[in-house]
>>> print(open('data20.csv').read())   # CSV, C-alpha atoms
chain,number,residue,atom,x,y,z
W,25,MET,CA,115.9,277.0,96.6
W,26,LEU,CA,113.4,274.1,96.8
W,27,ARG,CA,112.4,272.5,93.5
W,28,ILE,CA,108.8,273.4,94.0
W,29,PHE,CA,109.7,277.1,93.6
W,30,SER,CA,111.7,276.6,90.4
W,31,ASP,CA,109.9,273.7,88.6
W,32,PRO,CA,106.3,273.6,87.5
W,33,LEU,CA,103.8,271.5,89.6
W,34,TYR,CA,100.8,269.6,88.1
W,35,HIS,CA,97.3,268.8,89.3
W,36,GLY,CA,95.2,266.3,87.4
W,37,THR,CA,91.4,266.2,87.9
W,38,ILE,CA,88.0,265.9,86.4
W,39,ASP,CA,86.9,269.2,88.0
W,40,ARG,CA,86.9,272.5,86.3
W,41,ILE,CA,89.0,274.8,88.6
W,42,SER,CA,88.9,278.6,88.1
W,43,GLN,CA,90.8,279.3,91.4
W,44,ILE,CA,92.4,277.2,94.0
W,45,ASP,CA,90.3,276.8,97.2
W,46,VAL,CA,92.1,274.8,99.9
W,47,ALA,CA,88.8,274.4,101.8
W,48,LYS,CA,87.5,272.1,99.0
W,49,GLY,CA,90.1,269.5,99.8
W,50,LYS,CA,89.2,266.4,101.7
W,51,LEU,CA,90.1,265.7,105.3
W,52,ARG,CA,92.3,262.8,106.3
W,53,LYS,CA,94.7,262.9,103.3
W,54,ASP,CA,98.5,262.4,103.4
W,55,PHE,CA,99.2,265.9,104.5
W,56,GLY,CA,95.7,266.9,105.7
W,57,ARG,CA,93.2,269.0,103.8
W,58,GLY,CA,94.7,271.0,100.9
W,59,PHE,CA,95.4,271.3,97.2
W,60,TYR,CA,97.7,268.5,96.1
W,61,MET,CA,100.1,268.7,93.2
W,62,ALA,CA,102.7,266.4,91.7
W,63,LEU,CA,106.2,267.4,90.7
W,64,ASN,CA,106.0,264.9,87.8
W,65,VAL,CA,103.5,265.5,85.0
W,66,GLN,CA,103.0,261.8,84.4
W,67,GLN,CA,102.0,261.3,88.0
W,68,ALA,CA,99.4,264.0,87.7
W,69,ILE,CA,98.0,262.6,84.5
W,70,GLY,CA,97.8,259.2,86.2
W,71,MET,CA,95.9,260.7,89.1
W,72,MET,CA,93.5,262.4,86.6
W,73,HIS,CA,92.8,259.1,84.8
W,74,LYS,CA,92.2,257.4,88.2
W,75,LYS,CA,89.8,260.1,89.3
W,76,ARG,CA,87.8,259.7,86.1
W,77,ARG,CA,87.7,255.9,86.4
W,78,GLU,CA,86.5,256.1,90.1
W,79,PHE,CA,83.9,258.7,89.2
W,80,LEU,CA,82.5,256.6,86.4
W,81,GLN,CA,82.3,253.5,88.7
W,82,ARG,CA,80.4,255.5,91.3
W,83,GLN,CA,78.1,257.1,88.6
W,84,PRO,CA,77.3,254.3,86.1
W,85,ARG,CA,74.6,256.4,84.4
W,86,ILE,CA,77.1,259.1,83.3
W,87,LYS,CA,78.5,258.5,79.9
W,88,PRO,CA,82.3,258.4,79.8
W,89,GLU,CA,82.5,261.1,77.1
W,90,GLU,CA,80.7,263.5,79.5
W,91,VAL,CA,83.6,263.3,82.0
W,92,VAL,CA,86.4,265.7,81.0
W,93,GLU,CA,89.9,265.2,82.2
W,94,ARG,CA,91.8,268.3,83.1
W,95,LEU,CA,95.5,269.0,83.8
W,96,TYR,CA,96.6,272.2,85.5
W,97,GLN,CA,100.1,273.6,85.7
W,98,ILE,CA,101.0,275.6,88.8
W,99,ARG,CA,104.1,277.7,89.3
W,100,LEU,CA,104.9,279.0,92.8
W,101,LYS,CA,106.6,282.4,93.5
W,102,PRO,CA,110.2,281.9,94.5
W,103,SER,CA,109.8,284.7,97.0
W,104,ALA,CA,107.1,282.8,98.9
W,105,GLU,CA,109.7,280.3,100.1
W,106,GLN,CA,110.7,282.9,102.7
W,107,SER,CA,107.3,283.9,104.0
W,108,LEU,CA,105.5,280.5,104.2
W,109,LYS,CA,106.0,277.6,106.7
W,110,ILE,CA,107.2,274.7,104.7
W,111,LYS,CA,107.8,271.1,105.7
W,112,VAL,CA,109.8,268.9,103.3
W,113,PHE,CA,110.2,265.1,103.7
W,114,ASP,CA,113.3,264.1,101.8
W,115,ARG,CA,112.7,260.4,102.4
W,116,THR,CA,110.1,257.9,103.6
W,117,ASP,CA,111.3,257.5,107.2
W,118,MET,CA,109.7,257.3,110.6
W,119,GLU,CA,109.1,261.1,110.7
W,120,TRP,CA,107.2,261.0,107.3
W,121,LEU,CA,105.2,257.9,108.4
W,122,ASP,CA,104.2,259.5,111.7
W,123,PHE,CA,103.1,262.7,109.9
W,124,ILE,CA,101.1,260.7,107.3
W,125,LEU,CA,99.4,258.6,110.1
W,126,MET,CA,98.7,261.8,112.1
W,127,CYS,CA,97.1,263.6,109.2
W,128,ARG,CA,95.1,260.5,108.0
W,129,GLU,CA,93.7,259.8,111.5
W,130,ASN,CA,93.1,263.4,112.5
W,131,VAL,CA,89.7,264.9,111.7
W,132,ALA,CA,90.9,268.4,112.7
W,133,GLU,CA,90.5,271.1,110.0
W,134,ARG,CA,94.2,271.7,110.2
W,135,PRO,CA,96.3,268.9,111.8
W,136,HIS,CA,99.6,270.8,111.6
W,137,GLU,CA,101.0,274.3,111.3
W,138,TYR,CA,102.6,274.2,107.8
W,139,ASP,CA,101.4,276.2,104.8
W,140,ILE,CA,103.1,273.8,102.4
W,141,VAL,CA,104.1,270.1,102.8
W,142,VAL,CA,106.3,268.2,100.3
W,143,GLY,CA,107.0,264.5,100.4
W,144,ALA,CA,106.3,261.0,99.1
W,145,THR,CA,102.7,260.1,98.2
W,146,ALA,CA,100.9,257.3,100.1
W,147,ASP,CA,99.0,255.9,97.1
W,148,ASP,CA,96.4,253.1,97.0
W,149,ASP,CA,99.0,250.4,97.3
W,150,THR,CA,100.4,252.1,100.4
W,151,MET,CA,96.9,252.5,101.8
W,152,VAL,CA,96.5,248.7,102.0
W,153,ALA,CA,99.7,248.5,104.0
W,154,LEU,CA,98.5,251.4,106.2
W,155,LYS,CA,95.2,249.6,106.9
W,156,LEU,CA,97.1,246.4,107.8
W,157,TYR,CA,99.2,248.5,110.2
W,158,ARG,CA,96.1,250.1,111.8
W,159,ASN,CA,94.6,246.6,112.2
W,160,GLY,CA,97.7,245.4,114.1
W,161,ALA,CA,99.0,243.1,111.4
W,162,TYR,CA,102.6,244.4,111.9
W,163,GLY,CA,102.5,244.4,115.7
W,164,GLU,CA,101.1,246.7,118.3
W,165,VAL,CA,99.8,249.9,116.6
W,166,GLY,CA,102.0,252.8,117.4
W,167,SER,CA,105.0,250.7,118.4
W,168,VAL,CA,108.4,251.3,116.8
W,169,GLY,CA,108.5,247.7,115.6
W,170,ALA,CA,105.1,247.9,113.8
W,171,LYS,CA,106.2,251.2,112.2
W,172,GLU,CA,109.5,249.8,111.1
W,173,THR,CA,107.7,246.9,109.5
W,174,LEU,CA,105.3,249.2,107.7
W,175,LEU,CA,108.2,251.3,106.3
W,176,ARG,CA,109.9,248.1,105.1
W,177,VAL,CA,106.7,247.0,103.4
W,178,LEU,CA,106.4,250.5,101.7
W,179,GLU,CA,110.0,250.5,100.4
W,180,PRO,CA,109.3,248.6,97.2
W,181,TYR,CA,106.6,251.1,96.1
W,182,ASN,CA,107.6,253.8,93.7
W,183,LEU,CA,106.1,256.6,95.7
W,184,GLY,CA,105.8,259.8,93.7
W,185,ILE,CA,106.5,263.2,95.2
W,186,GLN,CA,103.6,265.4,96.1
W,187,CYS,CA,103.3,269.0,97.2
W,188,CYS,CA,100.3,270.1,99.2
W,189,LEU,CA,99.2,273.7,99.6
W,190,CYS,CA,97.7,273.3,103.1
W,191,THR,CA,96.5,276.9,103.7
W,192,GLN,CA,94.8,279.5,101.7
W,193,LYS,CA,97.7,281.7,102.6
W,194,ALA,CA,100.0,279.4,100.6
W,195,VAL,CA,97.7,279.8,97.6
W,196,ASP,CA,97.3,283.6,98.0
W,197,GLU,CA,100.9,284.4,98.7
W,198,GLY,CA,102.6,281.5,96.9
W,199,VAL,CA,100.9,280.8,93.5
W,200,MET,CA,102.4,282.8,90.7
W,201,ASN,CA,100.6,281.1,87.8
W,202,PHE,CA,97.8,278.6,87.5
W,203,ALA,CA,96.8,277.4,84.0
W,204,GLN,CA,95.0,274.5,82.3
W,205,LEU,CA,97.2,272.5,79.9
W,206,ASP,CA,96.2,270.2,77.0
W,207,TRP,CA,97.5,267.0,78.6
W,208,ARG,CA,97.1,265.0,75.3
W,209,ARG,CA,100.0,267.0,73.8
W,210,LEU,CA,102.3,266.1,76.7
W,211,SER,CA,101.7,262.3,76.8
>>> encode(input="data20.csv", output="structure tokens")
Amino acid sequence: MLRIFSDPLYHGTIDRISQIDVAKGKLRKDFGRGFYMALNVQQAIGMMHKKRREFLQRQPRIKPEEVVERLYQIRLKPSAEQSLKIKVFDRTDMEWLDFILMCRENVAERPHEYDIVVGATADDDTMVALKLYRNGAYGEVGSVGAKETLLRVLEPYNLGIQCCLCTQKAVDEGVMNFAQLDWRRLS
């Protein structure tokens, strides 16, 4: 059994969520549009704090105390592992990189056929490296040499693991429990 079906997953945000709607996710993310969760609660809390900081920078007239940070815990149904199409990236290799690049460059509503994708997070630090790659700093874009250089550059980063519910089917058939937690009691 995959860990995502036995362990809780976490989503940190400043949004109030009453139900998961995959269509509200943004395009051009690591695994495409979807609802992203962390396997590690501290990673989700860090993302929640980051979202709050970014929002306050974009909205300087909003008072910090008006922006509420929320942490949600999600549990998936173990039985859903059999009925959903799942892609797991066990390591940051060429396959993972090609998938990330494809999803981040593709404006299609659904750039792949998976209901759930699990793998390393390409965070802000990795986004700088990806931009350099796209600009040809590591060699000809798309070449094996440029991709190998990009993977070597990414190696030192502590890339957390993320799980993306990429389809509404994954939510409807896969989510067993979705609840808000008091994150201050966990830190």
>>> atom_distance(input="data20.csv", atom1="atom CA of W:Met72", atom2="atom CA of W:Val91")
11.0 Å
>>> residues_near_point(input="data20.csv", point="(94.7, 274.7, 86.7)", cutoff="8 Å", atoms="only C-alpha atoms", output="CSV table (one decimal) with C-alpha atoms, in the frame of the given file")
chain,number,residue,atom,x,y,z
W,35,HIS,CA,97.3,268.8,89.3
W,41,ILE,CA,89.0,274.8,88.6
W,42,SER,CA,88.9,278.6,88.1
W,43,GLN,CA,90.8,279.3,91.4
W,94,ARG,CA,91.8,268.3,83.1
W,95,LEU,CA,95.5,269.0,83.8
W,96,TYR,CA,96.6,272.2,85.5
W,97,GLN,CA,100.1,273.6,85.7
W,98,ILE,CA,101.0,275.6,88.8
W,202,PHE,CA,97.8,278.6,87.5
W,203,ALA,CA,96.8,277.4,84.0
W,204,GLN,CA,95.0,274.5,82.3
W,205,LEU,CA,97.2,272.5,79.9
>>> closest_residue(input="data20.csv", among="W:Thr173, W:Thr145, W:Asn130, W:Asn64", to="W:Ile28", atoms="only C-alpha atoms")
W:Asn64
>>> residues_around(input="data20.csv", residues="W:Tyr157", least_positions_apart="3", cutoff="12 Å", atoms="all atoms listed in the file", output="PyMOL selection string")
chain W and resi 121+125+150-154+160-178
>>> atom_distance(input="data20.csv", atom1="atom CA of W:Leu210", atom2="atom CA of W:Ala68")
11.6 Å
>>> atom_distance(input="data20.csv", atom1="atom CA of W:Glu129", atom2="atom CA of W:Lys53")
8.8 Å
>>> closest_residue(input="data20.csv", among="W:Met200, W:Val131, W:Ala194, W:Ile185", to="W:Asp114", atoms="all atoms listed in the file")
W:Ile185
>>> closest_residue(input="data20.csv", among="W:Arg52, W:Leu189, W:Asn159, W:Lys87", to="W:Ala146", atoms="only C-alpha atoms")
W:Arg52
>>> closest_residue(input="data20.csv", among="W:Thr37, W:Gln83, W:Thr116, W:Ser30", to="W:Pro102", atoms="only C-alpha atoms")
W:Ser30
>>> closest_residue(input="data20.csv", among="W:Ile124, W:Val199, W:Val65, W:Cys190", to="W:Lys48", atoms="only C-alpha atoms")
W:Cys190
